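**Student:** Just so it is clear, I am handing over entry_1.cif, which has mmCIF, N, CA and C atoms.
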data_coords
loop_
_atom_site.label_atom_id
_atom_site.label_comp_id
_atom_site.auth_asym_id
_atom_site.auth_seq_id
_atom_site.Cartn_x
_atom_site.Cartn_y
_atom_site.Cartn_z
N MET A 1 6.90 -2.12 8.86
CA MET A 1 6.64 -0.90 8.12
C MET A 1 7.78 -0.69 7.12
N LYS A 2 7.43 -0.51 5.87
CA LYS A 2 8.41 -0.28 4.82
C LYS A 2 8.18 1.12 4.25
N THR A 3 9.26 1.85 4.08
CA THR A 3 9.14 3.19 3.53
C THR A 3 9.59 3.19 2.07
N LEU A 4 9.30 4.26 1.39
CA LEU A 4 9.69 4.39 -0.01
C LEU A 4 11.21 4.26 -0.15
N SER A 5 11.97 4.77 0.80
CA SER A 5 13.43 4.69 0.73
C SER A 5 13.95 3.26 0.87
N ASP A 6 13.14 2.34 1.40
CA ASP A 6 13.53 0.94 1.57
C ASP A 6 13.29 0.09 0.32
N MET A 7 12.55 0.62 -0.63
CA MET A 7 12.17 -0.17 -1.80
C MET A 7 13.32 -0.25 -2.80
N HIS A 8 13.44 -1.39 -3.45
CA HIS A 8 14.50 -1.63 -4.43
C HIS A 8 14.09 -1.10 -5.80
N GLU A 9 15.09 -0.90 -6.64
CA GLU A 9 14.86 -0.43 -8.00
C GLU A 9 13.96 -1.40 -8.76
N GLY A 10 13.04 -0.84 -9.53
CA GLY A 10 12.15 -1.64 -10.34
C GLY A 10 10.89 -2.12 -9.63
N VAL A 11 10.79 -1.88 -8.34
CA VAL A 11 9.63 -2.33 -7.57
C VAL A 11 8.55 -1.26 -7.57
N THR A 12 7.31 -1.69 -7.74
CA THR A 12 6.17 -0.79 -7.68
C THR A 12 5.42 -1.06 -6.39
N GLY A 13 4.97 0.01 -5.75
CA GLY A 13 4.23 -0.13 -4.51
C GLY A 13 3.14 0.92 -4.40
N GLU A 14 2.37 0.81 -3.34
CA GLU A 14 1.24 1.70 -3.10
C GLU A 14 1.47 2.46 -1.80
N ILE A 15 1.21 3.75 -1.82
CA ILE A 15 1.33 4.55 -0.60
C ILE A 15 0.22 4.15 0.36
N THR A 16 0.61 3.82 1.60
CA THR A 16 -0.39 3.48 2.61
C THR A 16 -0.49 4.55 3.69
N GLY A 17 0.46 5.48 3.73
CA GLY A 17 0.40 6.55 4.72
C GLY A 17 1.69 7.36 4.75
N VAL A 18 1.69 8.35 5.63
CA VAL A 18 2.84 9.23 5.82
C VAL A 18 3.13 9.33 7.31
N ILE A 19 4.40 9.25 7.68
CA ILE A 19 4.79 9.41 9.08
C ILE A 19 4.65 10.88 9.43
N ASN A 20 3.80 11.17 10.39
CA ASN A 20 3.53 12.56 10.76
C ASN A 20 4.27 13.00 12.01
N GLU A 21 4.50 12.09 12.93
CA GLU A 21 5.13 12.50 14.17
C GLU A 21 5.85 11.32 14.80
N GLY A 22 6.54 11.57 15.85
CA GLY A 22 7.29 10.55 16.55
C GLY A 22 8.59 11.13 17.06
N ARG A 23 9.43 10.33 17.64
CA ARG A 23 10.71 10.79 18.15
C ARG A 23 11.79 9.82 17.71
N ASN A 24 12.97 10.37 17.43
CA ASN A 24 14.08 9.52 17.04
C ASN A 24 14.79 9.00 18.29
N GLN A 25 15.88 8.30 18.11
CA GLN A 25 16.58 7.68 19.23
C GLN A 25 17.16 8.70 20.21
N TYR A 26 17.28 9.96 19.79
CA TYR A 26 17.84 11.00 20.67
C TYR A 26 16.75 11.81 21.36
N GLY A 27 15.48 11.43 21.15
CA GLY A 27 14.38 12.10 21.79
C GLY A 27 13.87 13.31 21.03
N ARG A 28 14.47 13.60 19.89
CA ARG A 28 14.02 14.74 19.10
C ARG A 28 12.83 14.32 18.25
N LYS A 29 11.97 15.28 17.96
CA LYS A 29 10.82 14.99 17.11
C LYS A 29 11.30 14.67 15.72
N ARG A 30 10.60 13.74 15.08
CA ARG A 30 10.88 13.40 13.69
C ARG A 30 9.57 13.38 12.94
N GLY A 31 9.63 13.29 11.66
CA GLY A 31 8.43 13.22 10.85
C GLY A 31 8.17 14.54 10.16
N LEU A 32 7.01 14.63 9.57
CA LEU A 32 6.64 15.80 8.82
C LEU A 32 5.74 16.70 9.63
N ASN A 33 5.99 17.99 9.53
CA ASN A 33 5.04 18.91 10.13
C ASN A 33 3.89 19.08 9.15
N HIS A 34 2.94 19.91 9.49
CA HIS A 34 1.77 20.12 8.65
C HIS A 34 2.17 20.58 7.26
N ASN A 35 3.15 21.49 7.17
CA ASN A 35 3.58 22.00 5.87
C ASN A 35 4.19 20.91 5.01
N GLY A 36 4.95 19.99 5.61
CA GLY A 36 5.54 18.90 4.86
C GLY A 36 4.49 17.96 4.30
N ALA A 37 3.49 17.63 5.11
CA ALA A 37 2.41 16.76 4.65
C ALA A 37 1.60 17.45 3.55
N ALA A 38 1.37 18.74 3.69
CA ALA A 38 0.65 19.49 2.66
C ALA A 38 1.46 19.51 1.37
N ARG A 39 2.77 19.66 1.49
CA ARG A 39 3.63 19.67 0.31
C ARG A 39 3.54 18.34 -0.44
N LEU A 40 3.54 17.24 0.30
CA LEU A 40 3.40 15.93 -0.34
C LEU A 40 2.08 15.82 -1.09
N ARG A 41 1.00 16.29 -0.47
CA ARG A 41 -0.31 16.25 -1.14
C ARG A 41 -0.30 17.09 -2.42
N GLU A 42 0.33 18.27 -2.36
CA GLU A 42 0.41 19.14 -3.53
C GLU A 42 1.20 18.48 -4.66
N MET A 43 2.15 17.64 -4.29
CA MET A 43 2.97 16.95 -5.28
C MET A 43 2.26 15.70 -5.83
N GLY A 44 1.11 15.34 -5.26
CA GLY A 44 0.34 14.20 -5.75
C GLY A 44 0.51 12.93 -4.96
N PHE A 45 1.14 12.99 -3.80
CA PHE A 45 1.34 11.80 -2.96
C PHE A 45 0.14 11.60 -2.04
N TYR A 46 -0.72 10.66 -2.43
CA TYR A 46 -1.91 10.33 -1.65
C TYR A 46 -1.91 8.84 -1.36
N GLU A 47 -2.65 8.43 -0.34
CA GLU A 47 -2.82 7.01 -0.07
C GLU A 47 -3.45 6.36 -1.29
N GLY A 48 -2.92 5.20 -1.66
CA GLY A 48 -3.42 4.48 -2.83
C GLY A 48 -2.64 4.79 -4.10
N GLN A 49 -1.82 5.84 -4.08
CA GLN A 49 -1.03 6.22 -5.25
C GLN A 49 0.04 5.15 -5.53
N GLN A 50 0.18 4.75 -6.78
CA GLN A 50 1.18 3.76 -7.18
C GLN A 50 2.49 4.47 -7.54
N ILE A 51 3.60 3.97 -7.00
CA ILE A 51 4.92 4.54 -7.26
C ILE A 51 5.87 3.42 -7.66
N THR A 52 6.68 3.66 -8.68
CA THR A 52 7.72 2.74 -9.09
C THR A 52 9.07 3.38 -8.81
N VAL A 53 9.96 2.63 -8.17
CA VAL A 53 11.31 3.13 -7.89
C VAL A 53 12.16 2.86 -9.13
N VAL A 54 12.67 3.92 -9.74
CA VAL A 54 13.51 3.82 -10.93
C VAL A 54 14.97 3.67 -10.52
N GLN A 55 15.38 4.45 -9.51
CA GLN A 55 16.77 4.39 -9.05
C GLN A 55 16.82 4.62 -7.55
N ASN A 56 17.51 3.72 -6.85
CA ASN A 56 17.72 3.83 -5.41
C ASN A 56 19.10 3.25 -5.11
N LYS A 57 20.08 4.12 -4.96
CA LYS A 57 21.45 3.67 -4.74
C LYS A 57 21.78 3.43 -3.27
N GLY A 58 20.80 3.62 -2.38
CA GLY A 58 21.04 3.36 -0.97
C GLY A 58 21.42 4.59 -0.18
N ASN A 59 21.84 5.65 -0.87
CA ASN A 59 22.08 6.94 -0.22
C ASN A 59 21.78 8.02 -1.24
N GLY A 60 21.50 9.21 -0.79
CA GLY A 60 21.13 10.28 -1.71
C GLY A 60 19.70 10.15 -2.17
N PRO A 61 19.31 10.97 -3.14
CA PRO A 61 17.92 10.98 -3.59
C PRO A 61 17.53 9.74 -4.39
N LEU A 62 16.23 9.52 -4.48
CA LEU A 62 15.66 8.43 -5.27
C LEU A 62 15.06 9.02 -6.54
N VAL A 63 15.07 8.24 -7.60
CA VAL A 63 14.33 8.60 -8.81
C VAL A 63 13.11 7.69 -8.82
N ILE A 64 11.93 8.30 -8.90
CA ILE A 64 10.69 7.53 -8.85
C ILE A 64 9.84 7.88 -10.06
N LYS A 65 8.88 7.01 -10.33
CA LYS A 65 7.92 7.26 -11.39
C LYS A 65 6.53 7.13 -10.80
N PHE A 66 5.74 8.17 -10.97
CA PHE A 66 4.33 8.10 -10.58
C PHE A 66 3.55 9.09 -11.43
N GLN A 67 2.32 8.77 -11.68
CA GLN A 67 1.45 9.58 -12.54
C GLN A 67 2.12 9.87 -13.88
N ASP A 68 2.76 8.89 -14.48
CA ASP A 68 3.44 9.01 -15.78
C ASP A 68 4.54 10.07 -15.79
N THR A 69 5.11 10.35 -14.62
CA THR A 69 6.16 11.36 -14.49
C THR A 69 7.32 10.80 -13.68
N ARG A 70 8.54 11.11 -14.09
CA ARG A 70 9.71 10.77 -13.28
C ARG A 70 10.04 11.96 -12.40
N MET A 71 10.45 11.66 -11.16
CA MET A 71 10.72 12.72 -10.20
C MET A 71 11.89 12.30 -9.32
N VAL A 72 12.71 13.26 -8.93
CA VAL A 72 13.77 13.03 -7.96
C VAL A 72 13.23 13.44 -6.60
N LEU A 73 13.30 12.53 -5.64
CA LEU A 73 12.77 12.78 -4.31
C LEU A 73 13.87 12.57 -3.29
N GLY A 74 14.07 13.54 -2.41
CA GLY A 74 15.09 13.43 -1.38
C GLY A 74 14.85 12.24 -0.47
N ARG A 75 15.92 11.63 0.00
CA ARG A 75 15.82 10.44 0.84
C ARG A 75 15.06 10.72 2.13
N GLY A 76 15.28 11.87 2.74
CA GLY A 76 14.59 12.20 3.99
C GLY A 76 13.08 12.19 3.82
N LEU A 77 12.61 12.77 2.74
CA LEU A 77 11.18 12.78 2.47
C LEU A 77 10.69 11.38 2.11
N ALA A 78 11.50 10.63 1.36
CA ALA A 78 11.13 9.26 0.98
C ALA A 78 11.01 8.36 2.22
N MET A 79 11.78 8.66 3.25
CA MET A 79 11.73 7.87 4.49
C MET A 79 10.45 8.11 5.27
N LYS A 80 9.68 9.10 4.91
CA LYS A 80 8.43 9.43 5.61
C LYS A 80 7.21 8.83 4.93
N ILE A 81 7.39 8.28 3.72
CA ILE A 81 6.26 7.74 2.96
C ILE A 81 6.20 6.24 3.17
N ILE A 82 5.11 5.77 3.77
CA ILE A 82 4.94 4.35 4.08
C ILE A 82 4.32 3.66 2.86
N MET A 83 4.93 2.54 2.48
CA MET A 83 4.56 1.84 1.26
C MET A 83 4.17 0.38 1.53
N ARG A 84 3.37 -0.14 0.61
CA ARG A 84 3.09 -1.58 0.54
C ARG A 84 3.54 -2.01 -0.84
N SER A 85 4.47 -2.94 -0.90
CA SER A 85 5.03 -3.40 -2.17
C SER A 85 4.03 -4.27 -2.90
N ASN A 86 3.95 -4.11 -4.21
CA ASN A 86 3.09 -4.96 -5.03
C ASN A 86 3.75 -6.28 -5.35
N HIS A 87 5.07 -6.40 -5.06
CA HIS A 87 5.82 -7.63 -5.29
C HIS A 87 6.18 -8.25 -3.95
N SER A 88 6.16 -9.52 -3.86
CA SER A 88 6.52 -10.21 -2.60
C SER A 88 8.00 -10.38 -2.49
#
Just dump the structure as structure tokens.
**Tutor:**
Amino acid sequence: MKTLSDMHEGVTGEITGVINEGRNQYGRKRGLNHNGAARLREMGFYEGQQITVVQNKGNGPLVIKFQDTRMVLGRGLAMKIIMRSNHS
């Protein structure tokens, strides 16, 4: 499973899903609640949507391009978006 935060600069990929629930190594819940998933949909993040990573320095927010728009997306949210890379 590859997330948006794992993608390198210049790579374009397709959204295949969103992590909705689960637990981290400390047993706490992780993922997006209903409001977080709804927020992503309102922002235009749907399965099949193409996203290009413009800037990913490995920490901090990512700069992405989708729907002919550049956007800054927090790393935590980017870690919840499951991607399939168009490049091998």
**Student:** Nearest to Glu9 in chain A among A:Gly76, A:Ser85, A:Gln49, A:Arg39, with distances taken over only C-alpha atoms: which residue is it?
**Tutor:**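 Among the listed residues, A:Ser85 lies closest to Glu9 in chain A.
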**Student:** As a check of understanding, name the residues that the PyMOL selection byres (((chain A and resi 62-64 and name CA) around 8) and name CA) selects in the supplied structure, as a list in words.
**Tutor:**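 So the PyMOL selection byres (((chain A and resi 62-64 and name CA) around 8) and name CA), applied here, picks out Ser5, Ile51, Thr52, Val53, Val54, Gln55, Asn56, Lys57, Gly60, Pro61, Lys65, Phe66, Arg70, Met71, Val72, Leu73, Gly74, Arg75 and Ala78 of chain A.
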**Student:** Keeping only N, CA and C atoms, write those residues as a PDB file, in the frame of the given file.
**Tutor:**
ATOM      1  N   SER A   5      11.970   4.770   0.800  1.00  0.00           N
ATOM      2  CA  SER A   5      13.430   4.690   0.730  1.00  0.00           C
ATOM      3  C   SER A   5      13.950   3.260   0.870  1.00  0.00           C
ATOM      4  N   ILE A  51       3.600   3.970  -7.000  1.00  0.00           N
ATOM      5  CA  ILE A  51       4.920   4.540  -7.260  1.00  0.00           C
ATOM      6  C   ILE A  51       5.870   3.420  -7.660  1.00  0.00           C
ATOM      7  N   THR A  52       6.680   3.660  -8.680  1.00  0.00           N
ATOM      8  CA  THR A  52       7.720   2.740  -9.090  1.00  0.00           C
ATOM      9  C   THR A  52       9.070   3.380  -8.810  1.00  0.00           C
ATOM     10  N   VAL A  53       9.960   2.630  -8.170  1.00  0.00           N
ATOM     11  CA  VAL A  53      11.310   3.130  -7.890  1.00  0.00           C
ATOM     12  C   VAL A  53      12.160   2.860  -9.130  1.00  0.00           C
ATOM     13  N   VAL A  54      12.670   3.920  -9.740  1.00  0.00           N
ATOM     14  CA  VAL A  54      13.510   3.820 -10.930  1.00  0.00           C
ATOM     15  C   VAL A  54      14.970   3.670 -10.520  1.00  0.00           C
ATOM     16  N   GLN A  55      15.380   4.450  -9.510  1.00  0.00           N
ATOM     17  CA  GLN A  55      16.770   4.390  -9.050  1.00  0.00           C
ATOM     18  C   GLN A  55      16.820   4.620  -7.550  1.00  0.00           C
ATOM     19  N   ASN A  56      17.510   3.720  -6.850  1.00  0.00           N
ATOM     20  CA  ASN A  56      17.720   3.830  -5.410  1.00  0.00           C
ATOM     21  C   ASN A  56      19.100   3.250  -5.110  1.00  0.00           C
ATOM     22  N   LYS A  57      20.080   4.120  -4.960  1.00  0.00           N
ATOM     23  CA  LYS A  57      21.450   3.670  -4.740  1.00  0.00           C
ATOM     24  C   LYS A  57      21.780   3.430  -3.270  1.00  0.00           C
ATOM     25  N   GLY A  60      21.500   9.210  -0.790  1.00  0.00           N
ATOM     26  CA  GLY A  60      21.130  10.280  -1.710  1.00  0.00           C
ATOM     27  C   GLY A  60      19.700  10.150  -2.170  1.00  0.00           C
ATOM     28  N   PRO A  61      19.310  10.970  -3.140  1.00  0.00           N
ATOM     29  CA  PRO A  61      17.920  10.980  -3.590  1.00  0.00           C
ATOM     30  C   PRO A  61      17.530   9.740  -4.390  1.00  0.00           C
ATOM     31  N   LYS A  65       8.880   7.010 -10.330  1.00  0.00           N
ATOM     32  CA  LYS A  65       7.920   7.260 -11.390  1.00  0.00           C
ATOM     33  C   LYS A  65       6.530   7.130 -10.800  1.00  0.00           C
ATOM     34  N   PHE A  66       5.740   8.170 -10.970  1.00  0.00           N
ATOM     35  CA  PHE A  66       4.330   8.100 -10.580  1.00  0.00           C
ATOM     36  C   PHE A  66       3.550   9.090 -11.430  1.00  0.00           C
ATOM     37  N   ARG A  70       8.540  11.110 -14.090  1.00  0.00           N
ATOM     38  CA  ARG A  70       9.710  10.770 -13.280  1.00  0.00           C
ATOM     39  C   ARG A  70      10.040  11.960 -12.400  1.00  0.00           C
ATOM     40  N   MET A  71      10.450  11.660 -11.160  1.00  0.00           N
ATOM     41  CA  MET A  71      10.720  12.720 -10.200  1.00  0.00           C
ATOM     42  C   MET A  71      11.890  12.300  -9.320  1.00  0.00           C
ATOM     43  N   VAL A  72      12.710  13.260  -8.930  1.00  0.00           N
ATOM     44  CA  VAL A  72      13.770  13.030  -7.960  1.00  0.00           C
ATOM     45  C   VAL A  72      13.230  13.440  -6.600  1.00  0.00           C
ATOM     46  N   LEU A  73      13.300  12.530  -5.640  1.00  0.00           N
ATOM     47  CA  LEU A  73      12.770  12.780  -4.310  1.00  0.00           C
ATOM     48  C   LEU A  73      13.870  12.570  -3.290  1.00  0.00           C
ATOM     49  N   GLY A  74      14.070  13.540  -2.410  1.00  0.00           N
ATOM     50  CA  GLY A  74      15.090  13.430  -1.380  1.00  0.00           C
ATOM     51  C   GLY A  74      14.850  12.240  -0.470  1.00  0.00           C
ATOM     52  N   ARG A  75      15.920  11.630   0.000  1.00  0.00           N
ATOM     53  CA  ARG A  75      15.820  10.440   0.840  1.00  0.00           C
ATOM     54  C   ARG A  75      15.060  10.720   2.130  1.00  0.00           C
ATOM     55  N   ALA A  78      11.500  10.630   1.360  1.00  0.00           N
ATOM     56  CA  ALA A  78      11.130   9.260   0.980  1.00  0.00           C
ATOM     57  C   ALA A  78      11.010   8.360   2.220  1.00  0.00           C
TER      58      ALA A  78
END
**Student:** Determine, counting all atoms listed in the file, every residue of protein, DNA or RNA that lies within 8 Å of (1.2, 9.5, 5.4) in the file coordinates, then give the result as a list in words.
**Tutor:**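 Here is the list of nearby residues: Ile15, Thr16, Gly17, Val18, Ile19, Asn20, Ala37, Phe45, Tyr46, Glu47, Lys80, Ile81 and Ile82 of chain A.
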**Student:** How many Å separate atom N of Gln67 in chain A from atom C of Arg41 in chain A?
**Tutor:**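 It comes out at 12.7 Å.
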**Student:** If I take atom C of Asp6 in chain A and atom N of Asn59 in chain A, how far is one from the other in Å, to one decimal?
**Tutor:**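 It comes out at 10.3 Å.
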**Student:** Using all atoms listed in the file, which of the listed residues (A:Lys2, A:Glu14, A:Leu40, A:Gly58) sits closest to Met79 in chain A?
**Tutor:**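 Under the stated criterion, the closest residue is A:Lys2.
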**Student:** For a test of reading the model, state the distance in Å between CA of Gly13 in chain A and atom N of Met83 in chain A, rounded to one decimal.
**Tutor:**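 Distance between the two atoms: 7.5 Å.
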